[in-house]
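File shown: start09.cif (mmCIF, C-alpha atoms and all ligand atoms).
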```
data_data
#
loop_
_atom_site.label_atom_id
_atom_site.label_comp_id
_atom_site.auth_asym_id
_atom_site.auth_seq_id
_atom_site.Cartn_x
_atom_site.Cartn_y
_atom_site.Cartn_z
CA MET A 30 0.00 0.00 0.00
CA ILE A 31 1.22 3.48 -0.80
CA THR A 32 0.85 5.79 2.21
CA LEU A 33 0.88 9.54 2.58
CA PRO A 34 4.13 11.34 3.42
CA LYS A 35 5.03 11.76 7.08
CA GLY A 36 3.54 14.92 8.57
CA THR A 37 0.69 15.22 6.08
CA LYS A 38 -2.98 14.40 6.50
CA ASP A 39 -6.00 13.62 4.39
CA VAL A 40 -9.18 15.53 5.07
CA LEU A 41 -11.78 12.83 4.54
CA PRO A 42 -15.35 13.45 3.30
CA GLU A 43 -16.77 12.82 6.77
CA ASN A 44 -14.60 15.59 8.22
CA SER A 45 -14.40 18.23 5.53
CA TYR A 46 -17.39 20.14 6.93
CA LYS A 47 -15.19 21.04 9.91
CA TRP A 48 -12.67 22.67 7.62
CA GLN A 49 -15.43 24.40 5.72
CA PHE A 50 -16.79 25.80 8.97
CA VAL A 51 -13.41 27.34 9.82
CA GLU A 52 -12.86 28.61 6.28
CA LYS A 53 -16.33 30.10 6.02
CA THR A 54 -15.90 31.83 9.36
CA ALA A 55 -12.53 33.18 8.17
CA ARG A 56 -14.02 34.55 4.94
CA GLU A 57 -17.01 36.09 6.71
CA THR A 58 -14.78 37.76 9.28
CA ALA A 59 -12.42 39.09 6.61
CA LYS A 60 -15.39 40.42 4.70
CA VAL A 61 -16.84 42.53 7.52
CA PHE A 62 -13.37 44.03 7.99
CA ASN A 63 -13.30 44.82 4.26
CA ALA A 64 -10.33 42.55 3.52
CA LYS A 65 -10.07 40.96 0.05
CA GLU A 66 -8.65 37.57 -0.70
CA ILE A 67 -5.22 37.30 -2.31
CA ARG A 68 -3.85 34.03 -3.75
CA THR A 69 -0.17 33.56 -4.38
CA PRO A 70 1.69 30.51 -5.71
CA VAL A 71 2.40 27.51 -3.53
CA PHE A 72 6.05 27.74 -4.55
CA GLU A 73 8.25 30.79 -5.01
CA HIS A 74 11.87 31.54 -5.75
CA THR A 75 13.70 30.53 -2.58
CA GLU A 76 14.93 34.08 -2.19
CA VAL A 77 11.38 35.28 -1.45
CA PHE A 78 11.35 33.37 1.82
CA ALA A 79 15.04 33.72 2.62
CA ARG A 80 14.52 37.46 2.43
CA GLY A 81 10.94 37.68 3.63
CA VAL A 82 11.08 35.32 6.58
CA GLY A 83 14.67 35.98 7.59
CA GLU A 84 17.86 34.04 7.93
CA THR A 85 17.82 33.79 11.71
CA THR A 86 14.43 32.08 11.90
CA ASP A 87 13.81 28.36 12.44
CA ILE A 88 11.88 28.35 9.18
CA VAL A 89 14.70 29.47 6.94
CA ASN A 90 17.38 27.71 8.95
CA LYS A 91 16.00 24.24 8.99
CA GLU A 92 12.38 23.91 7.93
CA MET A 93 12.08 24.85 4.28
CA TYR A 94 11.13 22.49 1.48
CA THR A 95 13.68 23.74 -1.01
CA PHE A 96 14.61 22.01 -4.22
CA SER A 97 15.95 22.68 -7.68
CA ASP A 98 13.40 22.40 -10.46
CA LYS A 99 14.28 20.85 -13.81
CA GLY A 100 15.51 24.23 -15.02
CA GLY A 101 18.00 24.36 -12.15
CA ARG A 102 16.21 27.16 -10.28
CA SER A 103 15.99 26.98 -6.52
CA VAL A 104 12.36 27.04 -5.51
CA THR A 105 10.68 26.60 -2.11
CA LEU A 106 7.22 25.49 -1.06
CA LYS A 107 5.69 28.33 0.91
CA PRO A 108 6.45 27.87 4.63
CA GLU A 109 4.18 30.80 5.54
CA GLY A 110 1.94 33.33 3.84
CA THR A 111 3.40 36.79 4.38
CA ALA A 112 6.48 36.76 2.13
CA GLY A 113 4.58 35.72 -1.01
CA VAL A 114 1.89 38.33 -0.39
CA VAL A 115 4.50 41.06 0.07
CA ARG A 116 6.24 39.90 -3.11
CA ALA A 117 2.90 40.09 -4.98
CA PHE A 118 2.07 43.48 -3.44
CA VAL A 119 5.31 44.93 -4.75
CA GLU A 120 5.42 43.07 -8.07
CA ASN A 121 1.89 44.17 -8.98
CA GLY A 122 2.43 47.75 -7.86
CA LEU A 123 -0.47 47.54 -5.41
CA TYR A 124 1.16 50.28 -3.33
CA ALA A 125 0.04 52.72 -6.02
CA GLY A 126 -3.62 51.96 -5.32
CA ALA A 127 -5.82 53.13 -2.46
CA LEU A 128 -4.29 52.39 0.94
CA PRO A 129 -4.60 50.76 3.32
CA LEU A 130 -4.90 47.62 1.24
CA LYS A 131 -6.39 44.83 3.30
CA THR A 132 -5.80 41.28 2.13
CA TYR A 133 -6.40 37.80 3.49
CA TYR A 134 -5.55 34.24 2.45
CA ILE A 135 -6.22 30.62 3.27
CA THR A 136 -3.28 28.53 2.17
CA PRO A 137 -1.35 25.30 2.71
CA CYS A 138 2.13 25.79 4.19
CA PHE A 139 5.07 23.42 4.22
CA ARG A 140 7.73 23.08 6.87
CA TYR A 141 10.12 20.22 7.45
CA GLU A 142 9.44 19.73 11.16
CA ARG A 143 9.20 16.78 13.53
CA PRO A 144 5.53 15.81 13.25
CA GLN A 145 3.53 15.76 16.49
CA ALA A 146 0.14 16.93 17.72
CA GLY A 147 -0.42 20.37 16.21
CA ARG A 148 2.81 20.23 14.20
CA LEU A 149 2.70 18.94 10.64
CA ARG A 150 4.80 19.18 7.52
CA GLU A 151 1.86 20.33 5.47
CA PHE A 152 -0.50 22.53 7.44
CA HIS A 153 -2.89 25.35 6.66
CA GLN A 154 -3.14 28.96 7.61
CA PHE A 155 -5.74 31.67 7.55
CA GLY A 156 -3.89 34.95 7.49
CA VAL A 157 -4.35 38.63 6.84
CA GLU A 158 -1.90 41.28 5.66
CA PHE A 159 -2.81 44.98 5.78
CA PHE A 160 -0.59 47.44 3.92
CA GLY A 161 0.00 51.16 4.05
CA ALA A 162 -1.06 52.32 7.52
CA THR A 163 1.34 53.21 10.32
CA ASP A 164 -1.53 54.28 12.59
CA ALA A 165 -1.92 52.28 15.80
CA GLY A 166 -5.59 51.93 14.90
CA ILE A 167 -4.74 49.40 12.23
CA ASP A 168 -2.77 47.31 14.76
CA ALA A 169 -5.80 47.26 17.00
CA GLU A 170 -8.03 46.45 14.04
CA VAL A 171 -5.90 43.47 12.96
CA ILE A 172 -5.94 42.13 16.52
CA LEU A 173 -9.67 42.73 16.70
CA LEU A 174 -10.14 40.84 13.43
CA ALA A 175 -8.26 37.89 14.92
CA LYS A 176 -10.34 38.09 18.09
CA THR A 177 -13.60 38.33 16.12
CA PHE A 178 -12.59 35.28 14.09
CA LEU A 179 -11.82 33.23 17.21
CA ASP A 180 -15.03 34.38 18.91
CA LYS A 181 -17.14 33.50 15.88
CA LEU A 182 -15.56 30.06 15.81
CA GLY A 183 -16.48 29.60 19.44
CA VAL A 184 -12.91 29.36 20.74
CA LYS A 185 -12.90 29.69 24.52
CA ASN A 186 -10.14 30.00 27.11
CA ILE A 187 -7.60 31.63 24.90
CA THR A 188 -5.18 34.33 25.99
CA LEU A 189 -4.04 37.25 23.89
CA TYR A 190 -0.45 38.27 24.54
CA ILE A 191 0.90 41.47 23.07
CA ASN A 192 4.30 43.09 23.00
CA SER A 193 6.23 45.77 21.17
CA ILE A 194 9.64 44.97 19.74
CA GLY A 195 10.28 48.60 18.91
CA CYS A 196 11.93 49.97 15.80
CA LYS A 197 15.46 49.86 14.40
CA GLU A 198 16.46 52.72 16.66
CA CYS A 199 15.32 51.49 20.03
CA ARG A 200 16.18 47.89 19.28
CA LYS A 201 19.84 48.70 18.81
CA GLU A 202 20.16 49.70 22.43
CA TYR A 203 18.13 46.71 23.53
CA HIS A 204 20.27 44.30 21.55
CA ASP A 205 23.34 45.64 23.31
CA ALA A 206 21.70 45.19 26.69
CA LEU A 207 20.52 41.69 25.80
CA LYS A 208 23.93 40.61 24.53
CA ASN A 209 25.49 41.97 27.64
CA TYR A 210 23.10 39.92 29.73
CA LEU A 211 23.66 36.75 27.67
CA LYS A 212 27.43 37.06 27.44
CA ALA A 213 28.21 35.06 30.59
CA ASN A 214 26.14 32.12 29.30
CA TYR A 215 27.09 32.34 25.64
CA ASP A 216 28.75 28.90 25.65
CA LYS A 217 25.56 27.26 26.92
CA LEU A 218 23.39 28.62 24.11
CA CYS A 219 22.33 26.25 21.32
CA ASP A 220 24.19 26.54 18.01
CA LEU A 221 21.37 28.44 16.35
CA CYS A 222 21.26 30.95 19.20
CA LYS A 223 25.02 31.40 19.06
CA ASP A 224 24.47 32.48 15.49
CA ARG A 225 21.55 34.67 16.52
CA TYR A 226 23.70 36.30 19.20
CA GLU A 227 25.52 38.25 16.52
CA LYS A 228 22.88 38.51 13.82
CA ASN A 229 19.68 39.06 15.77
CA PRO A 230 19.94 38.43 19.53
CA MET A 231 16.26 39.13 20.21
CA ARG A 232 15.37 35.86 18.41
CA ILE A 233 17.05 34.00 21.26
CA LEU A 234 13.98 34.83 23.38
CA ASP A 235 11.93 32.72 20.95
CA CYS A 236 14.13 29.60 21.17
CA LYS A 237 12.40 26.38 22.18
CA ASN A 238 15.58 24.80 23.57
CA GLU A 239 15.19 24.34 27.36
CA ASP A 240 18.71 25.59 28.15
CA CYS A 241 18.20 28.73 26.09
CA LYS A 242 14.83 29.28 27.74
CA ALA A 243 16.40 29.03 31.18
CA ILE A 244 19.17 31.43 30.21
CA THR A 245 16.75 34.07 28.95
CA GLU A 246 14.46 33.72 31.98
CA ASN A 247 15.48 37.05 33.50
CA ALA A 248 16.64 38.81 30.37
CA PRO A 249 16.08 42.56 30.12
CA SER A 250 12.72 43.56 28.68
CA ILE A 251 12.45 45.31 25.32
CA LEU A 252 9.68 47.41 26.83
CA ASP A 253 12.24 49.25 28.96
CA TYR A 254 14.07 50.31 25.81
CA LEU A 255 11.28 51.62 23.56
CA CYS A 256 11.78 55.07 22.06
CA GLU A 257 9.10 57.73 22.59
CA ASP A 258 7.41 57.01 19.28
CA CYS A 259 7.26 53.24 19.80
CA LYS A 260 6.11 53.67 23.38
CA ALA A 261 3.28 56.01 22.36
CA HIS A 262 2.29 53.64 19.56
CA PHE A 263 2.16 50.66 21.94
CA GLU A 264 0.13 52.62 24.48
CA LYS A 265 -2.32 53.67 21.79
CA VAL A 266 -2.78 50.05 20.66
CA GLN A 267 -3.50 49.08 24.26
CA SER A 268 -6.02 51.86 24.83
CA LEU A 269 -7.84 51.01 21.59
CA LEU A 270 -8.00 47.33 22.55
CA LYS A 271 -9.33 48.24 25.98
CA ALA A 272 -11.94 50.49 24.41
CA ALA A 273 -12.98 47.59 22.16
CA GLY A 274 -13.30 45.31 25.18
CA VAL A 275 -10.44 43.04 24.09
CA GLU A 276 -8.60 41.52 27.04
CA PHE A 277 -4.85 41.05 26.72
CA LYS A 278 -1.68 40.43 28.67
CA ILE A 279 1.66 42.06 27.95
CA ASN A 280 4.44 39.54 27.38
CA PRO A 281 7.86 41.03 26.56
CA LYS A 282 9.15 37.57 25.55
CA ILE A 283 7.05 37.48 22.40
CA VAL A 284 9.26 38.38 19.46
CA ARG A 285 9.15 38.31 15.73
CA GLY A 286 12.74 39.21 15.59
CA LEU A 287 13.53 40.30 12.04
CA ASP A 288 15.06 43.64 11.31
CA TYR A 289 12.03 44.62 9.29
CA TYR A 290 9.52 43.59 11.93
CA THR A 291 8.60 46.50 14.14
CA LYS A 292 6.49 47.59 17.07
CA THR A 293 3.39 45.48 17.76
CA VAL A 294 3.59 41.68 17.95
CA PHE A 295 0.92 39.40 19.37
CA GLU A 296 -0.12 35.79 19.90
CA PHE A 297 -3.28 34.00 20.91
CA VAL A 298 -2.33 31.03 23.07
CA SER A 299 -4.49 28.19 24.33
CA GLU A 300 -3.70 26.02 27.36
CA ASN A 301 -6.02 23.30 26.06
CA ILE A 302 -4.07 21.68 23.24
CA GLY A 303 -0.73 20.83 24.80
CA ALA A 304 2.69 22.11 23.87
CA GLN A 305 1.68 23.58 20.52
CA GLY A 306 -0.58 26.15 22.14
CA THR A 307 -0.05 29.13 19.88
CA VAL A 308 -2.92 29.08 17.43
CA LEU A 309 -2.44 32.54 15.97
CA GLY A 310 0.48 34.91 15.75
CA GLY A 311 1.12 38.20 14.07
CA GLY A 312 2.75 41.57 14.07
CA ARG A 313 3.82 44.71 12.31
CA TYR A 314 6.52 44.62 9.64
CA ASP A 315 7.13 48.20 8.55
CA GLY A 316 10.42 47.39 6.81
CA LEU A 317 9.41 44.33 4.82
CA VAL A 318 7.86 45.95 1.74
CA GLU A 319 10.96 48.06 1.34
CA GLN A 320 13.06 44.92 1.64
CA PHE A 321 11.25 43.68 -1.45
CA GLY A 322 11.89 46.91 -3.32
CA GLY A 323 8.48 48.44 -2.75
CA GLY A 324 9.26 51.65 -0.89
CA LYS A 325 8.53 52.70 2.66
CA ILE A 326 5.16 51.06 3.10
CA ALA A 327 3.98 49.77 6.43
CA GLY A 328 2.46 46.35 6.88
CA ILE A 329 0.85 44.28 9.59
CA GLY A 330 -0.76 40.87 9.68
CA PHE A 331 -1.28 37.57 11.42
CA ALA A 332 -1.60 33.90 10.60
CA ALA A 333 -3.69 31.28 12.35
CA GLY A 334 -2.96 27.57 12.10
CA ILE A 335 -6.14 25.82 11.00
CA GLU A 336 -5.13 22.36 12.29
CA ARG A 337 -4.46 23.76 15.74
CA LEU A 338 -7.77 25.61 15.68
CA LEU A 339 -9.53 22.37 14.77
CA LEU A 340 -7.84 20.55 17.66
CA LEU A 341 -9.11 23.26 19.95
CA LEU A 342 -12.62 23.31 18.54
CA GLU A 343 -12.90 19.53 18.53
CA SER A 344 -11.75 19.21 22.13
CA ALA A 345 -14.41 21.77 23.09
CA GLY A 346 -17.10 20.16 20.90
CA ALA A 347 -17.60 23.58 19.33
CA ILE A 348 -18.02 22.60 15.68
CA PRO A 349 -21.61 22.78 14.43
CA ALA A 350 -22.89 19.53 12.93
CA ASP A 351 -22.66 18.98 9.20
CA ASP A 352 -25.69 20.07 7.17
CA ALA A 353 -28.11 17.16 7.09
CA LEU A 354 -29.46 15.77 3.84
CA THR A 355 -32.96 17.20 3.32
CA LEU A 356 -34.66 14.44 1.36
CA TYR A 357 -33.92 10.81 0.70
CA VAL A 358 -36.23 9.32 -1.92
CA ALA A 359 -36.81 5.57 -1.47
CA PRO A 360 -38.24 3.87 -4.55
CA MET A 361 -40.02 0.55 -4.39
CA GLY A 362 -39.91 -1.24 -7.75
CA ASP A 363 -38.36 -0.38 -11.12
CA ASP A 364 -40.92 2.17 -12.30
CA ALA A 365 -40.58 3.97 -9.03
CA ARG A 366 -36.81 4.10 -9.53
CA ASP A 367 -37.19 6.23 -12.64
CA LYS A 368 -39.60 8.50 -10.80
CA ALA A 369 -37.21 8.79 -7.86
CA PHE A 370 -34.41 9.76 -10.23
CA GLN A 371 -36.64 12.49 -11.65
CA ILE A 372 -37.72 13.74 -8.21
CA VAL A 373 -34.19 14.12 -6.85
CA ALA A 374 -33.21 16.00 -10.02
CA GLU A 375 -36.09 18.44 -9.50
CA MET A 376 -35.24 18.90 -5.82
CA ARG A 377 -31.62 19.67 -6.62
CA ASP A 378 -32.75 22.22 -9.20
CA LYS A 379 -34.56 23.96 -6.35
CA GLY A 380 -31.40 23.90 -4.24
CA ILE A 381 -32.68 21.16 -1.95
CA SER A 382 -30.19 18.41 -1.12
CA ALA A 383 -31.61 15.08 -2.22
CA GLU A 384 -30.43 11.52 -2.63
CA THR A 385 -31.84 8.21 -3.85
CA ASP A 386 -30.75 4.59 -4.19
CA TYR A 387 -28.37 3.25 -6.83
CA MET A 388 -27.41 0.08 -4.97
CA GLY A 389 -30.61 -1.90 -5.46
CA ARG A 390 -31.43 -1.84 -1.74
CA GLY A 391 -34.75 -3.07 -0.41
CA ILE A 392 -36.96 -0.63 1.44
CA LYS A 393 -35.69 -1.60 4.91
CA ALA A 394 -32.07 -1.20 3.87
CA GLN A 395 -32.94 2.13 2.29
CA PHE A 396 -34.31 3.43 5.58
CA LYS A 397 -31.12 2.33 7.28
CA TYR A 398 -29.12 4.11 4.61
CA ALA A 399 -31.25 7.26 4.96
CA ASP A 400 -30.52 7.17 8.70
CA LYS A 401 -26.82 6.98 8.00
CA LEU A 402 -27.15 10.01 5.73
CA LYS A 403 -29.05 11.76 8.55
CA ALA A 404 -31.84 12.59 6.11
CA LYS A 405 -34.46 14.94 7.55
CA PHE A 406 -37.19 13.47 5.35
CA VAL A 407 -37.63 10.20 3.55
CA GLY A 408 -39.97 10.11 0.57
CA ILE A 409 -41.41 6.75 -0.40
CA VAL A 410 -42.53 6.06 -3.97
CA GLY A 411 -44.25 2.72 -4.66
CA SER A 412 -46.76 1.63 -7.27
CA ASP A 413 -49.66 2.99 -5.23
CA GLU A 414 -48.05 6.44 -4.91
CA LEU A 415 -47.11 6.38 -8.60
CA SER A 416 -50.66 5.81 -9.72
CA ARG A 417 -51.98 8.57 -7.45
CA GLY A 418 -49.22 11.06 -8.44
CA VAL A 419 -48.08 11.46 -4.82
CA ILE A 420 -45.15 10.64 -2.59
CA LYS A 421 -45.33 9.61 1.06
CA ILE A 422 -43.06 11.87 3.09
CA LYS A 423 -41.86 10.82 6.52
CA ASN A 424 -40.40 13.38 8.90
CA MET A 425 -37.54 11.37 10.37
CA GLN A 426 -37.44 13.35 13.57
CA SER A 427 -41.13 13.40 14.50
CA GLY A 428 -42.10 10.22 12.66
CA GLU A 429 -45.04 12.10 11.13
CA GLU A 430 -46.13 10.95 7.63
CA VAL A 431 -47.99 12.91 4.95
CA TYR A 432 -48.81 12.44 1.28
CA ALA A 433 -47.54 15.22 -0.98
CA PRO A 434 -48.44 15.79 -4.64
CA ILE A 435 -45.37 15.01 -6.76
CA ASP A 436 -45.18 18.60 -8.06
CA LYS A 437 -45.44 20.18 -4.60
CA ILE A 438 -42.88 18.16 -2.62
CA ALA A 439 -40.75 21.16 -1.69
CA GLU A 440 -43.61 22.70 0.28
CA PHE A 441 -43.78 19.66 2.52
CA LEU A 442 -40.10 19.63 3.53
CA ARG A 443 -40.38 21.86 6.55
P1 LIG B 1 5.65 27.40 16.65
O1 LIG B 1 6.25 28.29 17.69
O2 LIG B 1 4.56 26.55 17.20
O3 LIG B 1 6.65 26.64 15.87
P2 LIG B 1 5.66 29.42 14.68
O4 LIG B 1 6.11 30.61 15.42
O5 LIG B 1 6.63 28.68 13.86
O6 LIG B 1 4.92 28.39 15.66
P3 LIG B 1 4.16 30.99 12.83
O7 LIG B 1 5.22 30.99 11.82
O8 LIG B 1 3.89 32.21 13.62
O9 LIG B 1 4.38 29.77 13.84
O10 LIG B 1 2.80 30.48 12.15
C1 LIG B 1 1.52 30.90 12.58
C2 LIG B 1 0.67 29.75 13.05
O11 LIG B 1 0.74 28.65 12.14
C3 LIG B 1 1.10 29.14 14.36
O12 LIG B 1 0.63 29.88 15.43
C4 LIG B 1 0.47 27.77 14.29
O13 LIG B 1 -0.89 27.83 14.65
C5 LIG B 1 0.60 27.43 12.84
N1 LIG B 1 1.74 26.55 12.60
C6 LIG B 1 3.04 26.87 12.48
N2 LIG B 1 3.80 25.80 12.21
C7 LIG B 1 2.94 24.74 12.14
C8 LIG B 1 3.11 23.35 11.88
N3 LIG B 1 4.29 22.82 11.60
N4 LIG B 1 2.01 22.56 11.88
C9 LIG B 1 0.79 23.07 12.15
N5 LIG B 1 0.58 24.38 12.40
C10 LIG B 1 1.63 25.21 12.40
MG MG B 2 7.78 26.98 14.18
#
```
Could you take the file, read its structure, and then write that structure out as structure tokens?
Ligand code: ATP
Ligand code: MG
Amino acid sequence: MITLPKGTKDVLPENSYKWQFVEKTARETAKVFNAKEIRTPVFEHTEVFARGVGETTDIVNKEMYTFSDKGGRSVTLKPEGTAGVVRAFVENGLYAGALPLKTYYITPCFRYERPQAGRLREFHQFGVEFFGATDAGIDAEVILLAKTFLDKLGVKNITLYINSIGCKECRKEYHDALKNYLKANYDKLCDLCKDRYEKNPMRILDCKNEDCKAITENAPSILDYLCEDCKAHFEKVQSLLKAAGVEFKINPKIVRGLDYYTKTVFEFVSENIGAQGTVLGGGRYDGLVEQFGGGKIAGIGFAAGIERLLLLLESAGAIPADDALTLYVAPMGDDARDKAFQIVAEMRDKGISAETDYMGRGIKAQFKYADKLKAKFVGIVGSDELSRGVIKIKNMQSGEEVYAPIDKIAEFLR
């Protein structure tokens, strides 16, 4: 038997409604915030991610699916959504249109990680990227969009952590302070963090290695180093969130430590799904568009992991049941089969979900099958009904039975 690759999953027909529930909720939320969908390729030139995600991140260091295509070009399967969207924003000159431009996406992502609960090699994200506004209001709006999405899904017991990682100016001083603090324990840092120490020390705060975590336990806080502008911006974000009734905690350990990431960063974390508790993370990246050659244009966004959301929703039993089949038509005899075929076709024309038998089942087996399909109504057509031009409709919940004229069936399905 050929099996699927490690770290990937099939979404089977019996479960796809769960995905559709999350995706529909994502689209509806994006819509009320006036965000439009953007779709970018599943693979890009490797440089897009090397540049857009950053060389000191886990993603670029060890997680990318990179390969040479037959033309010898290095391409990479998208490990996240932002870089491709920024590339498209710049390449298509979208900065010349009305700003802010609000975009969203639902996309598969690929990372070569050790598979475990909530950590896959192919996973899916719902994300948004808003371009062109430096105003703290847009930070609050992006966070509010995330919160609205989680609320609409029915996610409970989730904590919003926010932080500011400042700008190029204030971070310089912080990096010095952090390096000074880490110096004594430099030898105990993991290899990746040793590299980060020079290139981007703030990323060390994000390391999952236990030794590194212990070392950074009492590290200086970026919040003590913010410049006036960044401080005012962070305070404004907080006051807007408070005004919108969004609860949050400040956590100076949350970093998105690239040079072109700035100011606000945030995460929604759940205690209910084990170690992989971060379901949604985001932040401001005012230098990223410029990095792609698109001028000084601000950006901010987030991405939510759909698999982790589903784990959360399933454990809470928060996913609404799949839409039931409205009408199952059970024919008795060959003439009735033709009629049943015709009836289901007419129902479907009216937008009513309908099903009939193609397996030659007897009437008892058909009722069993209709139960399995969770049909709300079962219509029975036998020779008697055929001659009278009616169908016997049974309400499967109440057990009530009525005869409906063949041309008025829809009216009886309530
Ligand atoms: P983690 O710290 O768990 O590795 P991350 O910081 O790498 O997460 P982001 O790059 O911020 O994650 O991606 C945003 C969201 O995508 C995460 O919060 C998570 O819900 C989801 N996600 C990230 N990596 C995976 C994965 N390998 N499998 C499933 N979901 C993932
Ligand atoms: Mg990761």
Contacts with ligand MG 2 (chain B) at most 10 Å, only C-alpha atoms and all ligand atoms counted, listed as a short mmCIF file (atom, residue, chain, number, x, y, z; two decimals) with C-alpha atoms, in the frame of the given file:
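pocket14.cif, freshly written:
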```cif
data_model
loop_
_atom_site.label_atom_id
_atom_site.label_comp_id
_atom_site.auth_asym_id
_atom_site.auth_seq_id
_atom_site.Cartn_x
_atom_site.Cartn_y
_atom_site.Cartn_z
CA THR A 86 14.43 32.08 11.90
CA ASP A 87 13.81 28.36 12.44
CA ILE A 88 11.88 28.35 9.18
CA GLU A 92 12.38 23.91 7.93
CA PRO A 108 6.45 27.87 4.63
CA ARG A 140 7.73 23.08 6.87
CA TYR A 141 10.12 20.22 7.45
CA GLU A 142 9.44 19.73 11.16
CA ARG A 148 2.81 20.23 14.20
CA ASP A 235 11.93 32.72 20.95
CA CYS A 236 14.13 29.60 21.17
CA LYS A 237 12.40 26.38 22.18
CA GLN A 305 1.68 23.58 20.52
CA THR A 307 -0.05 29.13 19.88
#
```
Do you have, as a Markdown table, the list of residues of chain A lying at most 9 Å from ligand LIG 1 (chain B), each with its nearest atom pair and that distance in Å to one decimal, counting only C-alpha atoms and all ligand atoms and ordered by chain then number?
```
| residue | atom | partner | partner_atom | distance |
| --- | --- | --- | --- | --- |
| A:Gly36 | CA | B:LIG1 | N4 | 8.5 |
| A:Val82 | CA | B:LIG1 | O7 | 9.0 |
| A:Thr86 | CA | B:LIG1 | O5 | 8.7 |
| A:Asp87 | CA | B:LIG1 | O5 | 7.3 |
| A:Ile88 | CA | B:LIG1 | O5 | 7.0 |
| A:Glu92 | CA | B:LIG1 | N3 | 9.0 |
| A:Pro108 | CA | B:LIG1 | O7 | 7.9 |
| A:Glu109 | CA | B:LIG1 | O7 | 6.4 |
| A:Gly110 | CA | B:LIG1 | O10 | 8.8 |
| A:Cys138 | CA | B:LIG1 | C7 | 8.1 |
| A:Phe139 | CA | B:LIG1 | N3 | 7.4 |
| A:Arg140 | CA | B:LIG1 | N3 | 5.9 |
| A:Tyr141 | CA | B:LIG1 | N3 | 7.6 |
| A:Glu142 | CA | B:LIG1 | N3 | 6.0 |
| A:Arg143 | CA | B:LIG1 | N3 | 8.0 |
| A:Pro144 | CA | B:LIG1 | N3 | 7.3 |
| A:Gln145 | CA | B:LIG1 | N4 | 8.4 |
| A:Ala146 | CA | B:LIG1 | C9 | 8.3 |
| A:Gly147 | CA | B:LIG1 | C9 | 5.0 |
| A:Arg148 | CA | B:LIG1 | N4 | 3.4 |
| A:Leu149 | CA | B:LIG1 | N4 | 3.9 |
| A:Arg150 | CA | B:LIG1 | N3 | 5.5 |
| A:Glu151 | CA | B:LIG1 | N4 | 6.8 |
| A:Phe152 | CA | B:LIG1 | C9 | 4.9 |
| A:His153 | CA | B:LIG1 | N5 | 6.8 |
| A:Gln154 | CA | B:LIG1 | O11 | 6.0 |
| A:Phe155 | CA | B:LIG1 | O11 | 8.5 |
| A:Gly156 | CA | B:LIG1 | C1 | 8.5 |
| A:Asp235 | CA | B:LIG1 | O1 | 7.9 |
| A:Cys236 | CA | B:LIG1 | O1 | 8.7 |
| A:Lys237 | CA | B:LIG1 | O1 | 7.9 |
| A:Arg285 | CA | B:LIG1 | O4 | 8.3 |
| A:Glu296 | CA | B:LIG1 | O12 | 7.4 |
| A:Phe297 | CA | B:LIG1 | O12 | 7.9 |
| A:Val298 | CA | B:LIG1 | O12 | 8.3 |
| A:Ala304 | CA | B:LIG1 | O2 | 8.2 |
| A:Gln305 | CA | B:LIG1 | O2 | 5.3 |
| A:Gly306 | CA | B:LIG1 | O2 | 7.1 |
| A:Thr307 | CA | B:LIG1 | O12 | 4.6 |
| A:Val308 | CA | B:LIG1 | O13 | 3.7 |
| A:Leu309 | CA | B:LIG1 | O12 | 4.1 |
| A:Gly310 | CA | B:LIG1 | O8 | 4.8 |
| A:Gly311 | CA | B:LIG1 | O8 | 6.6 |
| A:Phe331 | CA | B:LIG1 | C1 | 7.3 |
| A:Ala332 | CA | B:LIG1 | C1 | 4.8 |
| A:Ala333 | CA | B:LIG1 | C2 | 4.7 |
| A:Gly334 | CA | B:LIG1 | O13 | 3.3 |
| A:Ile335 | CA | B:LIG1 | O13 | 6.7 |
| A:Glu336 | CA | B:LIG1 | C9 | 6.0 |
| A:Arg337 | CA | B:LIG1 | O13 | 5.5 |
| A:Leu338 | CA | B:LIG1 | O13 | 7.3 |
```
Check: Any idea what's packed within 7 Å of stretch 355-363 of chain A, counting only C-alpha atoms, ignoring anything in its chain fewer than 5 positions away? Could you give it as a VMD selection string?
Finding: chain A and resid 369 381 to 386 392 395 399 404 to 411
Next item on the list: Just give me the gap between atom CA of A:Gly81 and atom CA of A:Gly328 in Å, one decimal is fine.
Entry: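 Those two atoms sit 12.6 Å apart.
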Next item on the list: Pick out the closest residue to A:Thr85 from this set: A:Gly113, A:Gly166, A:Pro42, A:Pro230. Count only C-alpha atoms.
Entry: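 Using only C-alpha atoms, the shortest distance to A:Thr85 belongs to A:Pro230.
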Notebook entry, point to check: Smallest atom-to-atom distance to A:Arg443: which of A:Ser103, A:Gln426, A:Thr132, A:Ser268, using only C-alpha atoms?
Noted result: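 Of all the options, A:Gln426 lies closest to A:Arg443.
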Next item on the list: Excluding A:Ile348 and residues on its chain fewer than 6 positions from it, collect all residues at most 9 Å away from it, counting all atoms listed in the file, and give them as a PyMOL selection string.
Entry: chain A and resi 47+50-51+182-183+339+342
